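Below you'll find the structure, written out as structure tokens, and then a few comments.
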Amino acid sequence: MTTEIGSAIGVRQSVSLIVPIRLPADPESWTEGPLPFEVGGHRTDVATRQTYFAHAAGRALYGTPERPRRWHRFFDVTHESLHLHGMEILHTPTAVHPRHALAVLHFTVRSAALLDVLRALGHRAGAGSDPLTGPLAPDTLLSGIASPVTADSPFATAHPYTVAFLTPGSTETPALRSGGVLPAAADRWLWALASRSNEADFPTAPEQLPTQTEHAVRISADWSALVLRHGAAFLGHRPDRGDGDFYDFAALHVRSVYLDALLLGIVQRDHIDELTDELSGVFDGPGLARRVTALERNIAGFRSTYWRQHLTAHGPANELLLAYHAQYRLPTRFEEILAEAADYSRLVQTQDGQQIAGALGVLAILGLPLGTALSILQVLGDDDPGHLLVALGVALVATAAAFTTRYGRLVLASLRGGPTPGE
């Protein structure tokens with residue numbers, strides 16, 4: 001066997017696809033909660049998964065009994081080399097797009113090399129036709145429930161995010177540990193599955209491979225994971241003995257808690273993208289204070305609901321989420337958003353302070369001449385209406401003259417929020 005994975009068919013081959021969709025309403029005909037997989041009496045329903053994740057992460061991934069976020073439905077559809085077991089929908093509303101959601105399609109790959117299917121899903125040059133056609137087309141599967149977002153819509157992706165899982169047989173030595181040592185070819189396989197590409201698509205220089213796989217997660221001696229921008233892969237490093245093997249539980253984890261960690265990362269990326277767009281339009285038109293207030297409210301909502309970098313006391317899920325963060329620089333981008341929003345908030349506070357000071361200045365300019373004139377008449381004991389009108393006229397002239405001075409112009413400019421005279 002060579003290091004080329006394109007012709008290898010694993011003992012177990014599965015792929016889960018994550019597709020952004022628009023969900024007009026909650027799917028009442030679907031069952032609440034994530035798709036439950038079961039092995040050896042262990043069932044990955046929502047109650048089991050919530051014991052794995054921290055409570056805050058569980059709320060973001062599954063919702064609450066009063067307000068669910070997740071639904072599932074079992075399928076039994078085979079088309080060419082793909083067999084669809086079930087689908088999930090995770091409602092991930094944003095401030096601007098309250099009906100945004102993610103659909104997850106769970107497939108087993110049969111009678112074909114997993115990488116060949118992944119390349120076709122990624123529309124690689126020379127790959128086969130897109131397998132998501134006919135009965136497996138997302139439009140068909142989601143008919144009457146939701147619709148995949150179009151290419152020009154927010155959160156659109158060129159191709160579905162793929163989460164692939166492959167276990168090797170005893171002859172696939174390039175992926176297997178030999179004497180406890182993991183061969184370099186294993187990481188080549190892992191990168192190929194995660195990137196959905198072979199050497200013809202993207203020739204990899206041996207010197208670059210350590211950099212490309214430096215964030216690989218060694219879940220145990222038996223298997224590893226690699227998270228990239230457009231896909232993730234899980235690869236076994238010892239022969240799969242079939243039913244009853246540890247890989248039964250590995251496959252279960254890939255399709256449940258490990259997938260959920262990546263789902264949360266995708267949700268976080270979508271929200272950060274939207275906040276970035278909102279920041280870029282903060283100076284579009286009047287009403288800066290209103291837009292900055294709305295931006296701060298949206299940031300606070302995202303931070304409270306979705307922004308988690310620690311999911312569980314169990315290590316792999318956290319490492320997978322952090323690996324996804326690293327691909328999109330999410331922590332750095334969110335810190336930049338917070339810093340930029342803080343700058344805009346200070347700007348609004350400064351403008352508010354200037355306008356308050358300007359209003360006080362107007363009161364001073366209006367009130368001082370009038371108050372002085374009336375005080376003089378009161379001291380003189382003059383209550384003649386004509387003299388009162390004259391005093392009011394003189395006060396108005398003095399006020400108008402005061403507004404023509406630099407101080408008066410500065411007060412008016414502060415009140416309007418415009419530049420000061422001379423700028």
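By convention here, the chains of the structure tokens are called A, B, ... in the order presented, each chain's residues are numbered starting at 1, and ligands are numbered starting at 1 in the order presented.
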Note to self: I'd like the neighbourhood of Thr92 (chain A) as a list of chain:residue names, where a residue qualifies if any of its atoms comes within 9 Å (using only C-alpha atoms), though same-chain residues fewer than 6 positions away should be ignored.
What the structure shows: A:Ala60, A:Leu61, A:Arg69, A:Pro98, A:Arg99, A:His100, A:Ala101, A:Leu102, A:Val267
Item checked: Those in region 70-153 of chain A with helix (DSSP H, G or I) from DSSP, as JSON, numbers by chain -> {"A": [114, 115, 116, 117, 118, 119, 120, 121, 134, 135, 136, 138, 139, 140, 141]}
Hey, can you spit out that residue selection with C-alpha atoms as an mmCIF file, in the first residue's frame?
data_model
loop_
_atom_site.group_PDB
_atom_site.id
_atom_site.type_symbol
_atom_site.label_atom_id
_atom_site.label_comp_id
_atom_site.auth_asym_id
_atom_site.auth_seq_id
_atom_site.Cartn_x
_atom_site.Cartn_y
_atom_site.Cartn_z
ATOM 1 C CA LEU A 114 -13.796 8.134 1.259
ATOM 2 C CA LEU A 115 -11.413 10.702 -0.217
ATOM 3 C CA ASP A 116 -12.970 10.301 -3.659
ATOM 4 C CA VAL A 117 -16.352 11.196 -2.164
ATOM 5 C CA LEU A 118 -14.880 14.130 -0.235
ATOM 6 C CA ARG A 119 -13.197 15.465 -3.372
ATOM 7 C CA ALA A 120 -16.492 15.255 -5.223
ATOM 8 C CA LEU A 121 -18.232 17.124 -2.382
ATOM 9 C CA GLY A 134 -31.319 13.271 -6.743
ATOM 10 C CA PRO A 135 -32.794 11.952 -3.490
ATOM 11 C CA LEU A 136 -29.827 13.348 -1.503
ATOM 12 C CA PRO A 138 -30.531 19.212 0.309
ATOM 13 C CA ASP A 139 -33.427 21.004 -1.396
ATOM 14 C CA THR A 140 -35.238 17.679 -1.673
ATOM 15 C CA LEU A 141 -34.460 16.494 1.854
#
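Of note, CA of His97 (chain A) and CA of Pro154 (chain A) are spaced 8.6 Å apart.
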Checklist line | Residue set, region 226-265 of chain A restricted to strand (DSSP E), as an MDAnalysis selection string | finding: chainID A and resid 226:227 231:236
